[in-house]
Amino acid sequence: MTTTDKYVIHLAKCALKNENPKEKPENLSWDKIFSLADNHMIANMIWYSVDRLKSKPETELWKKWTENKNKAVVKDIIQKSEYRNIITALDRKKIRCMPVKGIFMKQIYPKSDFRTMSDIDILIDDENADKAESVMLSIGYTCERKETFYHDVYFKPPVMNIEIHRQLFSATNDFSKYYNKEVFKKAEKIDGFESAYKMTDEEFYIYVLAHFYTHYSKDGSGIRSVMDVYVLNHTIYKKIDRQSLNFKLKKLKLLRFRNQMTALSEMWFGKNKATAELMELSDYILNSGTYGTVSNRINNRIKEKGRAGYFIGSILQPLSYMKERYPVLNKAPFLLPVFWIWRLISAIFTKRNVIILNLKTIFRLK
């Protein structure tokens, strides 16, 4: 961890706990502090800590930073309002739905605008996808992407991105079996609605960890995810049956990960002392940004499968994955080799930089 890393985490900790932060060390750059925080999507949050300092950033940067915070506040207000409108519209049409993740994480942070989110995720039953599309179009959204992977994407100016999920995880994900249609049976109705559900505290805790682990193990994940663990542990965790929770986490092979991330979150935002293992975890996460990096994904896969295995596997993706990307394969799976070739050709023209990065990483990795 660099001194910049440590100071950004200190500022985040003070915002979370409503404490006065230490003044910036003279050898640190405000530009680098803002850049790191923005890369992890917490610049708006630590603005509240910086605003308490006697010595603030230079005028132009502070103006930019304040605009960043103000936009986050406005976006937070719009997202909460639109979320209510969407589930109300879906409920009126008796479309079973379940908002997940960010929209509820916001509610357990000290201030809801602290916890940014790029989009709102809502789970529905697969057979209701067309009905849900009609509802979304009727309330002013446009469909940006449909029937690819396991969710449909909708947008409404200026900031609303909605992902309507037909399943919570890809069929190739280890957690997909746990998060099948039975997930609604583990949920409870949202007050005032007949068809809108939310996860119980226990299931929500598990889902946030599963989602975090999915990003962490592939591309990496950032400061915000560790902060989520800290906030969860100091709010809803107190109300959960620990024996039941640990049994499920162990079954999903998430118990060790939960313990690691809890220890790291307490080192950053609590009183835990640093250890060699936690410092190594810190470096990985701090270098990942909010949603991880392509380099992390490539390195993780090469370590898991070897260079040759990774290279072949990246081209010859399994049928379950390819069906999510090319729905026609659901009806004509024999076309799989054709779409392997098509995907490779498309990547050469649309993702040339990613291909180059893949090749560089393969030959650079020790």
# chains A, B, ... in the order shown; residues from 1 in each chain; ligands from 1
$ residues_around --residues "Thr4 in chain A" --least-positions-apart "4" --cutoff "12 Å" --atoms "only C-alpha atoms" --output "PDB file with N, CA, C and O atoms, in the first residue's frame"
ATOM      1  N   VAL A   8      -6.312   7.669   1.149  1.00  0.00           N
ATOM      2  CA  VAL A   8      -7.658   7.547   0.573  1.00  0.00           C
ATOM      3  C   VAL A   8      -8.532   6.669   1.463  1.00  0.00           C
ATOM      4  O   VAL A   8      -9.701   6.991   1.727  1.00  0.00           O
ATOM      5  N   ILE A   9      -7.992   5.557   1.949  1.00  0.00           N
ATOM      6  CA  ILE A   9      -8.751   4.688   2.847  1.00  0.00           C
ATOM      7  C   ILE A   9      -9.059   5.404   4.160  1.00  0.00           C
ATOM      8  O   ILE A   9     -10.159   5.265   4.711  1.00  0.00           O
ATOM      9  N   HIS A  10      -8.117   6.186   4.639  1.00  0.00           N
ATOM     10  CA  HIS A  10      -8.349   6.983   5.859  1.00  0.00           C
ATOM     11  C   HIS A  10      -9.513   7.958   5.651  1.00  0.00           C
ATOM     12  O   HIS A  10     -10.396   8.077   6.521  1.00  0.00           O
ATOM     13  N   LEU A  11      -9.534   8.616   4.509  1.00  0.00           N
ATOM     14  CA  LEU A  11     -10.622   9.557   4.212  1.00  0.00           C
ATOM     15  C   LEU A  11     -11.966   8.838   4.111  1.00  0.00           C
ATOM     16  O   LEU A  11     -13.005   9.340   4.568  1.00  0.00           O
ATOM     17  N   LYS A  24      -3.831  16.332   4.922  1.00  0.00           N
ATOM     18  CA  LYS A  24      -3.066  15.612   3.898  1.00  0.00           C
ATOM     19  C   LYS A  24      -1.560  15.786   4.136  1.00  0.00           C
ATOM     20  O   LYS A  24      -1.080  16.903   4.321  1.00  0.00           O
ATOM     21  N   PRO A  25      -0.808  14.690   4.117  1.00  0.00           N
ATOM     22  CA  PRO A  25       0.655  14.804   4.188  1.00  0.00           C
ATOM     23  C   PRO A  25       1.183  15.642   3.017  1.00  0.00           C
ATOM     24  O   PRO A  25       0.655  15.554   1.902  1.00  0.00           O
ATOM     25  N   GLU A  26       2.197  16.429   3.266  1.00  0.00           N
ATOM     26  CA  GLU A  26       2.698  17.368   2.258  1.00  0.00           C
ATOM     27  C   GLU A  26       3.204  16.680   0.994  1.00  0.00           C
ATOM     28  O   GLU A  26       3.147  17.249  -0.093  1.00  0.00           O
ATOM     29  N   ASN A  27       3.710  15.456   1.139  1.00  0.00           N
ATOM     30  CA  ASN A  27       4.301  14.779  -0.024  1.00  0.00           C
ATOM     31  C   ASN A  27       3.273  14.112  -0.940  1.00  0.00           C
ATOM     32  O   ASN A  27       3.619  13.539  -1.961  1.00  0.00           O
ATOM     33  N   LEU A  28       1.986  14.201  -0.584  1.00  0.00           N
ATOM     34  CA  LEU A  28       0.950  13.568  -1.407  1.00  0.00           C
ATOM     35  C   LEU A  28       0.322  14.571  -2.363  1.00  0.00           C
ATOM     36  O   LEU A  28       0.200  15.762  -2.053  1.00  0.00           O
ATOM     37  N   SER A  29      -0.103  14.046  -3.518  1.00  0.00           N
ATOM     38  CA  SER A  29      -0.721  14.875  -4.559  1.00  0.00           C
ATOM     39  C   SER A  29      -2.239  14.750  -4.497  1.00  0.00           C
ATOM     40  O   SER A  29      -2.773  13.637  -4.503  1.00  0.00           O
ATOM     41  N   TRP A  30      -2.930  15.898  -4.465  1.00  0.00           N
ATOM     42  CA  TRP A  30      -4.401  15.862  -4.491  1.00  0.00           C
ATOM     43  C   TRP A  30      -4.913  15.224  -5.781  1.00  0.00           C
ATOM     44  O   TRP A  30      -5.924  14.529  -5.782  1.00  0.00           O
ATOM     45  N   ASP A  31      -4.196  15.466  -6.877  1.00  0.00           N
ATOM     46  CA  ASP A  31      -4.608  14.868  -8.162  1.00  0.00           C
ATOM     47  C   ASP A  31      -4.609  13.346  -8.080  1.00  0.00           C
ATOM     48  O   ASP A  31      -5.532  12.681  -8.560  1.00  0.00           O
ATOM     49  N   LYS A  32      -3.554  12.784  -7.472  1.00  0.00           N
ATOM     50  CA  LYS A  32      -3.456  11.336  -7.359  1.00  0.00           C
ATOM     51  C   LYS A  32      -4.499  10.786  -6.382  1.00  0.00           C
ATOM     52  O   LYS A  32      -5.046   9.698  -6.592  1.00  0.00           O
ATOM     53  N   ILE A  33      -4.774  11.531  -5.329  1.00  0.00           N
ATOM     54  CA  ILE A  33      -5.783  11.116  -4.360  1.00  0.00           C
ATOM     55  C   ILE A  33      -7.155  11.059  -5.026  1.00  0.00           C
ATOM     56  O   ILE A  33      -7.887  10.074  -4.901  1.00  0.00           O
ATOM     57  N   PHE A  34      -7.481  12.110  -5.759  1.00  0.00           N
ATOM     58  CA  PHE A  34      -8.774  12.143  -6.445  1.00  0.00           C
ATOM     59  C   PHE A  34      -8.868  11.039  -7.500  1.00  0.00           C
ATOM     60  O   PHE A  34      -9.892  10.364  -7.619  1.00  0.00           O
ATOM     61  N   SER A  35      -7.780  10.848  -8.260  1.00  0.00           N
ATOM     62  CA  SER A  35      -7.772   9.853  -9.326  1.00  0.00           C
ATOM     63  C   SER A  35      -8.008   8.446  -8.775  1.00  0.00           C
ATOM     64  O   SER A  35      -8.797   7.674  -9.328  1.00  0.00           O
ATOM     65  N   LEU A  36      -7.331   8.120  -7.674  1.00  0.00           N
ATOM     66  CA  LEU A  36      -7.511   6.789  -7.067  1.00  0.00           C
ATOM     67  C   LEU A  36      -8.936   6.614  -6.559  1.00  0.00           C
ATOM     68  O   LEU A  36      -9.586   5.586  -6.815  1.00  0.00           O
ATOM     69  N   ALA A  37      -9.445   7.624  -5.855  1.00  0.00           N
ATOM     70  CA  ALA A  37     -10.801   7.547  -5.313  1.00  0.00           C
ATOM     71  C   ALA A  37     -11.828   7.453  -6.430  1.00  0.00           C
ATOM     72  O   ALA A  37     -12.795   6.683  -6.342  1.00  0.00           O
ATOM     73  N   LEU A 286      -6.548  -2.777  -4.442  1.00  0.00           N
ATOM     74  CA  LEU A 286      -6.259  -1.372  -4.755  1.00  0.00           C
ATOM     75  C   LEU A 286      -5.837  -1.187  -6.203  1.00  0.00           C
ATOM     76  O   LEU A 286      -6.033  -0.122  -6.787  1.00  0.00           O
TER      77      LEU A 286
END
$ residues_around --residues "Asp174 in chain A" --least-positions-apart "5" --cutoff "9 Å" --atoms "only C-alpha atoms" --output "list in words"
Phe169, Thr214 and Leu252 of chain A
$ residues_around --residues "Val183 in chain A" --least-positions-apart "3" --cutoff "12 Å" --atoms "only C-alpha atoms" --output "ChimeraX atom specification"
/A:96-98,100,123-125,166-169,175-180,186-188,197-200,203-204,206-207
$ select_by_dssp --residues "range 175-212 of chain A" --states "strand (DSSP E or B)" --output "PDB file with C-alpha atoms, in the first residue's frame"
ATOM      1  CA  ALA A 187     -37.392 -13.881  -0.352  1.00  0.00           C
ATOM      2  CA  GLU A 188     -40.057 -11.738   1.280  1.00  0.00           C
ATOM      3  CA  LYS A 189     -42.540  -9.285  -0.204  1.00  0.00           C
ATOM      4  CA  ALA A 196     -42.249  -7.189  -5.684  1.00  0.00           C
ATOM      5  CA  TYR A 197     -39.834  -9.095  -3.443  1.00  0.00           C
ATOM      6  CA  LYS A 198     -36.569  -8.513  -1.639  1.00  0.00           C
ATOM      7  CA  MET A 199     -34.021 -10.947  -0.262  1.00  0.00           C
TER       8      MET A 199
END
$ closest_residue --among "A:Ile120, A:Ala332, A:Leu344, A:Leu316" --to "Glu163 in chain A" --atoms "only C-alpha atoms"
A:Ile120
$ residues_around --residues "Val74 in chain A" --least-positions-apart "5" --cutoff "12 Å" --atoms "only C-alpha atoms" --output "ChimeraX atom specification"
/A:44,67-69,79-81,112-114,116,158-160
$ write_last_selection --atoms "N, CA and C atoms" --output "mmCIF file, in the first residue's frame"
data_model
loop_
_atom_site.group_PDB
_atom_site.id
_atom_site.type_symbol
_atom_site.label_atom_id
_atom_site.label_comp_id
_atom_site.auth_asym_id
_atom_site.auth_seq_id
_atom_site.Cartn_x
_atom_site.Cartn_y
_atom_site.Cartn_z
ATOM 1 N N ASN A 44 -16.881 10.749 -4.598
ATOM 2 C CA ASN A 44 -18.021 11.520 -4.078
ATOM 3 C C ASN A 44 -18.152 11.363 -2.567
ATOM 4 N N GLU A 67 -18.368 18.973 -8.099
ATOM 5 C CA GLU A 67 -19.330 18.599 -9.139
ATOM 6 C C GLU A 67 -19.550 17.091 -9.141
ATOM 7 N N ASN A 68 -18.475 16.341 -8.931
ATOM 8 C CA ASN A 68 -18.566 14.887 -8.848
ATOM 9 C C ASN A 68 -19.508 14.471 -7.718
ATOM 10 N N LYS A 69 -19.338 15.106 -6.564
ATOM 11 C CA LYS A 69 -20.195 14.807 -5.415
ATOM 12 C C LYS A 69 -21.640 15.211 -5.671
ATOM 13 N N GLN A 79 -32.234 7.757 -8.944
ATOM 14 C CA GLN A 79 -32.274 6.296 -8.918
ATOM 15 C C GLN A 79 -33.306 5.774 -7.920
ATOM 16 N N LYS A 80 -33.363 6.378 -6.745
ATOM 17 C CA LYS A 80 -34.326 5.917 -5.735
ATOM 18 C C LYS A 80 -35.763 6.179 -6.192
ATOM 19 N N SER A 81 -35.973 7.306 -6.847
ATOM 20 C CA SER A 81 -37.308 7.629 -7.342
ATOM 21 C C SER A 81 -37.713 6.693 -8.475
ATOM 22 N N SER A 112 -27.092 7.631 1.777
ATOM 23 C CA SER A 112 -27.319 6.769 0.614
ATOM 24 C C SER A 112 -26.477 7.179 -0.592
ATOM 25 N N ASP A 113 -26.115 8.456 -0.715
ATOM 26 C CA ASP A 113 -25.298 8.860 -1.866
ATOM 27 C C ASP A 113 -23.838 8.447 -1.709
ATOM 28 N N PHE A 114 -23.428 7.992 -0.497
ATOM 29 C CA PHE A 114 -22.086 7.443 -0.332
ATOM 30 C C PHE A 114 -21.883 6.254 -1.268
ATOM 31 N N THR A 116 -22.411 4.603 -4.458
ATOM 32 C CA THR A 116 -22.801 4.799 -5.853
ATOM 33 C C THR A 116 -23.147 3.459 -6.490
ATOM 34 N N PRO A 158 -31.451 11.162 -17.725
ATOM 35 C CA PRO A 158 -30.044 11.315 -18.086
ATOM 36 C C PRO A 158 -29.112 10.233 -17.531
ATOM 37 N N VAL A 159 -29.544 9.476 -16.494
ATOM 38 C CA VAL A 159 -28.582 8.605 -15.809
ATOM 39 C C VAL A 159 -29.083 7.190 -15.538
ATOM 40 N N MET A 160 -30.297 6.862 -15.940
ATOM 41 C CA MET A 160 -30.883 5.604 -15.495
ATOM 42 C C MET A 160 -30.512 4.425 -16.393
#
$ residues_around --residues "Tyr141 in chain A" --least-positions-apart "2" --cutoff "6 Å" --atoms "only C-alpha atoms" --output "list in words"
Met136, Leu137, Tyr154, Phe155 and Lys156 of chain A
$ select_by_dssp --residues "range 94-251 of chain A" --states "alpha helix (DSSP H)" --output "compact mmCIF listing (two decimals) with N, CA, C and O atoms, in the first residue's frame"
# COMPACT_ATOMS: atom_id res chain seq x y z
N GLY A 102 -27.25 -3.14 -5.13
CA GLY A 102 -26.95 -1.75 -4.85
C GLY A 102 -28.07 -0.93 -4.24
O GLY A 102 -27.84 -0.14 -3.32
N ILE A 103 -29.29 -1.10 -4.73
CA ILE A 103 -30.40 -0.27 -4.26
C ILE A 103 -30.66 -0.51 -2.78
O ILE A 103 -31.12 0.39 -2.06
N PHE A 104 -30.33 -1.72 -2.27
CA PHE A 104 -30.51 -2.00 -0.85
C PHE A 104 -29.22 -1.73 -0.06
O PHE A 104 -29.30 -1.42 1.13
N MET A 105 -28.05 -1.85 -0.72
CA MET A 105 -26.81 -1.47 -0.04
C MET A 105 -26.85 0.00 0.34
O MET A 105 -26.39 0.40 1.41
N LYS A 106 -27.41 0.82 -0.55
CA LYS A 106 -27.52 2.26 -0.27
C LYS A 106 -28.20 2.53 1.07
O LYS A 106 -27.84 3.45 1.80
N GLN A 107 -29.20 1.72 1.37
CA GLN A 107 -30.04 1.97 2.54
C GLN A 107 -29.32 1.72 3.87
O GLN A 107 -29.78 2.20 4.91
N ILE A 108 -28.22 0.97 3.83
CA ILE A 108 -27.53 0.67 5.10
C ILE A 108 -26.22 1.47 5.25
O ILE A 108 -25.52 1.29 6.24
N ALA A 129 -40.09 -11.81 -19.56
CA ALA A 129 -39.18 -10.84 -20.17
C ALA A 129 -39.88 -9.90 -21.14
O ALA A 129 -39.65 -8.69 -21.13
N ASP A 130 -40.76 -10.44 -21.99
CA ASP A 130 -41.46 -9.60 -22.95
C ASP A 130 -42.45 -8.65 -22.26
O ASP A 130 -42.60 -7.49 -22.64
N LYS A 131 -43.12 -9.16 -21.23
CA LYS A 131 -44.04 -8.31 -20.48
C LYS A 131 -43.28 -7.18 -19.79
O LYS A 131 -43.74 -6.03 -19.74
N ALA A 132 -42.13 -7.53 -19.24
CA ALA A 132 -41.31 -6.52 -18.56
C ALA A 132 -40.83 -5.47 -19.55
O ALA A 132 -40.78 -4.27 -19.23
N GLU A 133 -40.49 -5.91 -20.77
CA GLU A 133 -40.07 -4.95 -21.79
C GLU A 133 -41.20 -3.95 -22.08
O GLU A 133 -40.95 -2.74 -22.17
N SER A 134 -42.42 -4.43 -22.22
CA SER A 134 -43.56 -3.55 -22.48
C SER A 134 -43.73 -2.52 -21.37
O SER A 134 -43.99 -1.35 -21.62
N VAL A 135 -43.54 -2.99 -20.13
CA VAL A 135 -43.66 -2.08 -18.99
C VAL A 135 -42.56 -1.02 -19.03
O VAL A 135 -42.83 0.18 -18.84
N MET A 136 -41.34 -1.45 -19.28
CA MET A 136 -40.22 -0.50 -19.30
C MET A 136 -40.39 0.54 -20.40
O MET A 136 -40.12 1.73 -20.20
N LEU A 137 -40.83 0.11 -21.56
CA LEU A 137 -41.06 1.05 -22.67
C LEU A 137 -42.18 2.02 -22.33
O LEU A 137 -42.11 3.21 -22.69
N SER A 138 -43.19 1.55 -21.61
CA SER A 138 -44.34 2.40 -21.28
C SER A 138 -43.99 3.51 -20.30
O SER A 138 -44.70 4.51 -20.21
N ASP A 201 -32.41 -10.73 4.98
CA ASP A 201 -31.09 -10.22 5.37
C ASP A 201 -30.00 -11.26 5.14
O ASP A 201 -28.92 -10.95 4.64
N GLU A 202 -30.29 -12.50 5.51
CA GLU A 202 -29.31 -13.57 5.34
C GLU A 202 -28.97 -13.79 3.87
O GLU A 202 -27.78 -13.85 3.49
N GLU A 203 -29.99 -13.89 3.03
CA GLU A 203 -29.75 -14.14 1.61
C GLU A 203 -29.09 -12.93 0.94
O GLU A 203 -28.27 -13.09 0.02
N PHE A 204 -29.43 -11.74 1.38
CA PHE A 204 -28.81 -10.54 0.83
C PHE A 204 -27.32 -10.51 1.16
O PHE A 204 -26.49 -10.21 0.31
N TYR A 205 -26.99 -10.85 2.39
CA TYR A 205 -25.59 -10.90 2.82
C TYR A 205 -24.81 -11.88 1.94
O TYR A 205 -23.70 -11.58 1.46
N ILE A 206 -25.39 -13.06 1.74
CA ILE A 206 -24.73 -14.09 0.93
C ILE A 206 -24.58 -13.62 -0.52
O ILE A 206 -23.53 -13.81 -1.13
N TYR A 207 -25.63 -13.01 -1.06
CA TYR A 207 -25.59 -12.59 -2.46
C TYR A 207 -24.53 -11.52 -2.70
O TYR A 207 -23.80 -11.57 -3.70
N VAL A 208 -24.42 -10.55 -1.80
CA VAL A 208 -23.40 -9.51 -1.95
C VAL A 208 -22.01 -10.14 -1.96
O VAL A 208 -21.15 -9.78 -2.78
N LEU A 209 -21.79 -11.11 -1.08
CA LEU A 209 -20.49 -11.81 -1.05
C LEU A 209 -20.25 -12.61 -2.33
O LEU A 209 -19.14 -12.60 -2.88
N ALA A 210 -21.29 -13.30 -2.80
CA ALA A 210 -21.15 -14.11 -4.03
C ALA A 210 -20.83 -13.22 -5.22
O ALA A 210 -19.99 -13.56 -6.07
N HIS A 211 -21.50 -12.08 -5.30
CA HIS A 211 -21.26 -11.14 -6.40
C HIS A 211 -19.85 -10.56 -6.30
O HIS A 211 -19.14 -10.44 -7.31
N PHE A 212 -19.43 -10.21 -5.10
CA PHE A 212 -18.08 -9.69 -4.85
C PHE A 212 -17.05 -10.73 -5.26
O PHE A 212 -16.10 -10.43 -5.99
N TYR A 213 -17.25 -11.99 -4.82
CA TYR A 213 -16.28 -13.04 -5.13
C TYR A 213 -16.18 -13.29 -6.64
O TYR A 213 -15.09 -13.53 -7.16
N THR A 214 -17.31 -13.22 -7.34
CA THR A 214 -17.31 -13.44 -8.78
C THR A 214 -16.40 -12.42 -9.47
O THR A 214 -15.60 -12.78 -10.34
N HIS A 215 -16.51 -11.16 -9.09
CA HIS A 215 -15.63 -10.13 -9.67
C HIS A 215 -14.19 -10.32 -9.19
O HIS A 215 -13.24 -10.25 -9.98
N TYR A 216 -14.04 -10.55 -7.89
CA TYR A 216 -12.70 -10.67 -7.29
C TYR A 216 -11.90 -11.80 -7.93
O TYR A 216 -10.71 -11.64 -8.22
N SER A 217 -12.53 -12.94 -8.16
CA SER A 217 -11.82 -14.12 -8.66
C SER A 217 -11.54 -14.05 -10.16
O SER A 217 -10.69 -14.78 -10.67
N LYS A 218 -12.24 -13.16 -10.86
CA LYS A 218 -12.03 -13.03 -12.30
C LYS A 218 -11.19 -11.80 -12.64
O LYS A 218 -10.05 -11.91 -13.06
N ILE A 223 -12.16 -0.99 -3.71
CA ILE A 223 -12.37 -0.52 -2.34
C ILE A 223 -13.84 -0.58 -1.95
O ILE A 223 -14.18 -0.97 -0.84
N ARG A 224 -14.72 -0.20 -2.88
CA ARG A 224 -16.15 -0.15 -2.56
C ARG A 224 -16.69 -1.50 -2.12
O ARG A 224 -17.53 -1.59 -1.23
N SER A 225 -16.19 -2.58 -2.73
CA SER A 225 -16.67 -3.92 -2.37
C SER A 225 -16.25 -4.30 -0.96
O SER A 225 -17.03 -4.91 -0.22
N VAL A 226 -15.03 -3.94 -0.59
CA VAL A 226 -14.56 -4.22 0.78
C VAL A 226 -15.36 -3.37 1.77
O VAL A 226 -15.71 -3.84 2.86
N MET A 227 -15.65 -2.14 1.38
CA MET A 227 -16.46 -1.27 2.23
C MET A 227 -17.86 -1.84 2.42
O MET A 227 -18.44 -1.75 3.51
N ASP A 228 -18.42 -2.44 1.37
CA ASP A 228 -19.73 -3.09 1.48
C ASP A 228 -19.70 -4.17 2.57
O ASP A 228 -20.65 -4.30 3.36
N VAL A 229 -18.63 -4.96 2.60
CA VAL A 229 -18.51 -6.01 3.61
C VAL A 229 -18.47 -5.40 5.00
O VAL A 229 -19.14 -5.89 5.92
N TYR A 230 -17.72 -4.33 5.16
CA TYR A 230 -17.64 -3.66 6.46
C TYR A 230 -19.01 -3.15 6.90
O TYR A 230 -19.43 -3.37 8.05
N VAL A 231 -19.72 -2.50 5.99
CA VAL A 231 -21.04 -1.95 6.32
C VAL A 231 -22.02 -3.08 6.63
O VAL A 231 -22.79 -2.99 7.59
N LEU A 232 -22.00 -4.15 5.84
CA LEU A 232 -22.87 -5.30 6.11
C LEU A 232 -22.61 -5.88 7.51
O LEU A 232 -23.53 -6.19 8.25
N ASN A 233 -21.33 -6.03 7.82
CA ASN A 233 -20.97 -6.64 9.10
C ASN A 233 -21.38 -5.78 10.30
O ASN A 233 -21.57 -6.29 11.40
N ARG A 242 -26.12 -16.67 12.89
CA ARG A 242 -24.73 -16.93 12.47
C ARG A 242 -24.51 -18.38 12.05
O ARG A 242 -23.79 -18.66 11.08
N GLN A 243 -25.14 -19.32 12.76
CA GLN A 243 -24.95 -20.74 12.44
C GLN A 243 -25.50 -21.06 11.06
O GLN A 243 -24.86 -21.74 10.26
N SER A 244 -26.69 -20.55 10.76
CA SER A 244 -27.31 -20.78 9.46
C SER A 244 -26.49 -20.13 8.35
O SER A 244 -26.25 -20.72 7.30
N LEU A 245 -26.06 -18.90 8.60
CA LEU A 245 -25.27 -18.16 7.61
C LEU A 245 -23.97 -18.89 7.30
O LEU A 245 -23.63 -19.11 6.13
N ASN A 246 -23.24 -19.26 8.32
CA ASN A 246 -21.95 -19.92 8.11
C ASN A 246 -22.10 -21.27 7.42
O ASN A 246 -21.24 -21.67 6.62
N PHE A 247 -23.20 -21.99 7.72
CA PHE A 247 -23.46 -23.26 7.05
C PHE A 247 -23.61 -23.04 5.54
O PHE A 247 -23.03 -23.77 4.73
N LYS A 248 -24.37 -22.01 5.15
CA LYS A 248 -24.59 -21.73 3.74
C LYS A 248 -23.31 -21.23 3.07
O LYS A 248 -23.00 -21.60 1.93
N LEU A 249 -22.57 -20.37 3.76
CA LEU A 249 -21.32 -19.85 3.20
C LEU A 249 -20.31 -20.98 2.98
O LEU A 249 -19.60 -21.00 1.97
N LYS A 250 -20.27 -21.91 3.92
CA LYS A 250 -19.37 -23.06 3.78
C LYS A 250 -19.78 -23.92 2.60
O LYS A 250 -18.94 -24.38 1.82
N LYS A 251 -21.08 -24.14 2.45
CA LYS A 251 -21.60 -24.94 1.34
C LYS A 251 -21.26 -24.30 0.00
O LYS A 251 -20.96 -24.99 -0.98
$ atom_distance --atom1 "CA of Ile164 in chain A" --atom2 "CA of His151 in chain A"
5.3 Å
$ atom_distance --atom1 "CA of Leu329 in chain A" --atom2 "CA of His165 in chain A"
19.5 Å
$ atom_distance --atom1 "CA of Ser265 in chain A" --atom2 "CA of Pro99 in chain A"
25.8 Å
$ closest_residue --among "A:Glu23, A:Asp283, A:Asp191, A:Asp91" --to "Gly222 in chain A" --atoms "only C-alpha atoms"
A:Asp283
$ residues_around --residues "Gln260 in chain A" --least-positions-apart "6" --cutoff "9 Å" --atoms "only C-alpha atoms" --output "MDAnalysis selection string"
chainID A and resid 277:278 281
$ write_last_selection --atoms "all heavy atoms" --output "CSV table (one decimal), in the first residue's frame"
chain,number,residue,atom,x,y,z
A,277,GLU,N,-0.6,-11.3,4.7
A,277,GLU,CA,-1.7,-11.8,3.9
A,277,GLU,C,-2.7,-10.6,3.5
A,277,GLU,O,-3.1,-10.4,2.4
A,277,GLU,CB,-2.5,-12.9,4.5
A,277,GLU,CG,-3.6,-13.4,3.7
A,277,GLU,CD,-4.5,-14.4,4.4
A,277,GLU,OE1,-4.4,-14.5,5.6
A,277,GLU,OE2,-5.3,-15.1,3.7
A,278,LEU,N,-3.0,-9.8,4.6
A,278,LEU,CA,-3.9,-8.7,4.3
A,278,LEU,C,-3.3,-7.6,3.4
A,278,LEU,O,-4.0,-7.0,2.6
A,278,LEU,CB,-4.3,-8.1,5.7
A,278,LEU,CG,-5.2,-9.0,6.5
A,278,LEU,CD1,-5.6,-8.3,7.8
A,278,LEU,CD2,-6.5,-9.4,5.8
A,281,LEU,N,-3.6,-8.9,-0.1
A,281,LEU,CA,-5.0,-8.7,-0.5
A,281,LEU,C,-5.3,-7.2,-0.9
A,281,LEU,O,-5.9,-6.8,-1.8
A,281,LEU,CB,-6.0,-9.1,0.5
A,281,LEU,CG,-6.2,-10.6,0.8
A,281,LEU,CD1,-7.1,-10.9,2.0
A,281,LEU,CD2,-6.7,-11.3,-0.5
$ closest_residue --among "A:Ser282, A:Asn173, A:Asn85, A:Ser320" --to "Trp268 in chain A" --atoms "only C-alpha atoms"
A:Ser282
$ closest_residue --among "A:Lys22, A:Lys71, A:Arg92, A:Arg115" --to "Lys6 in chain A" --atoms "only C-alpha atoms"
A:Lys22
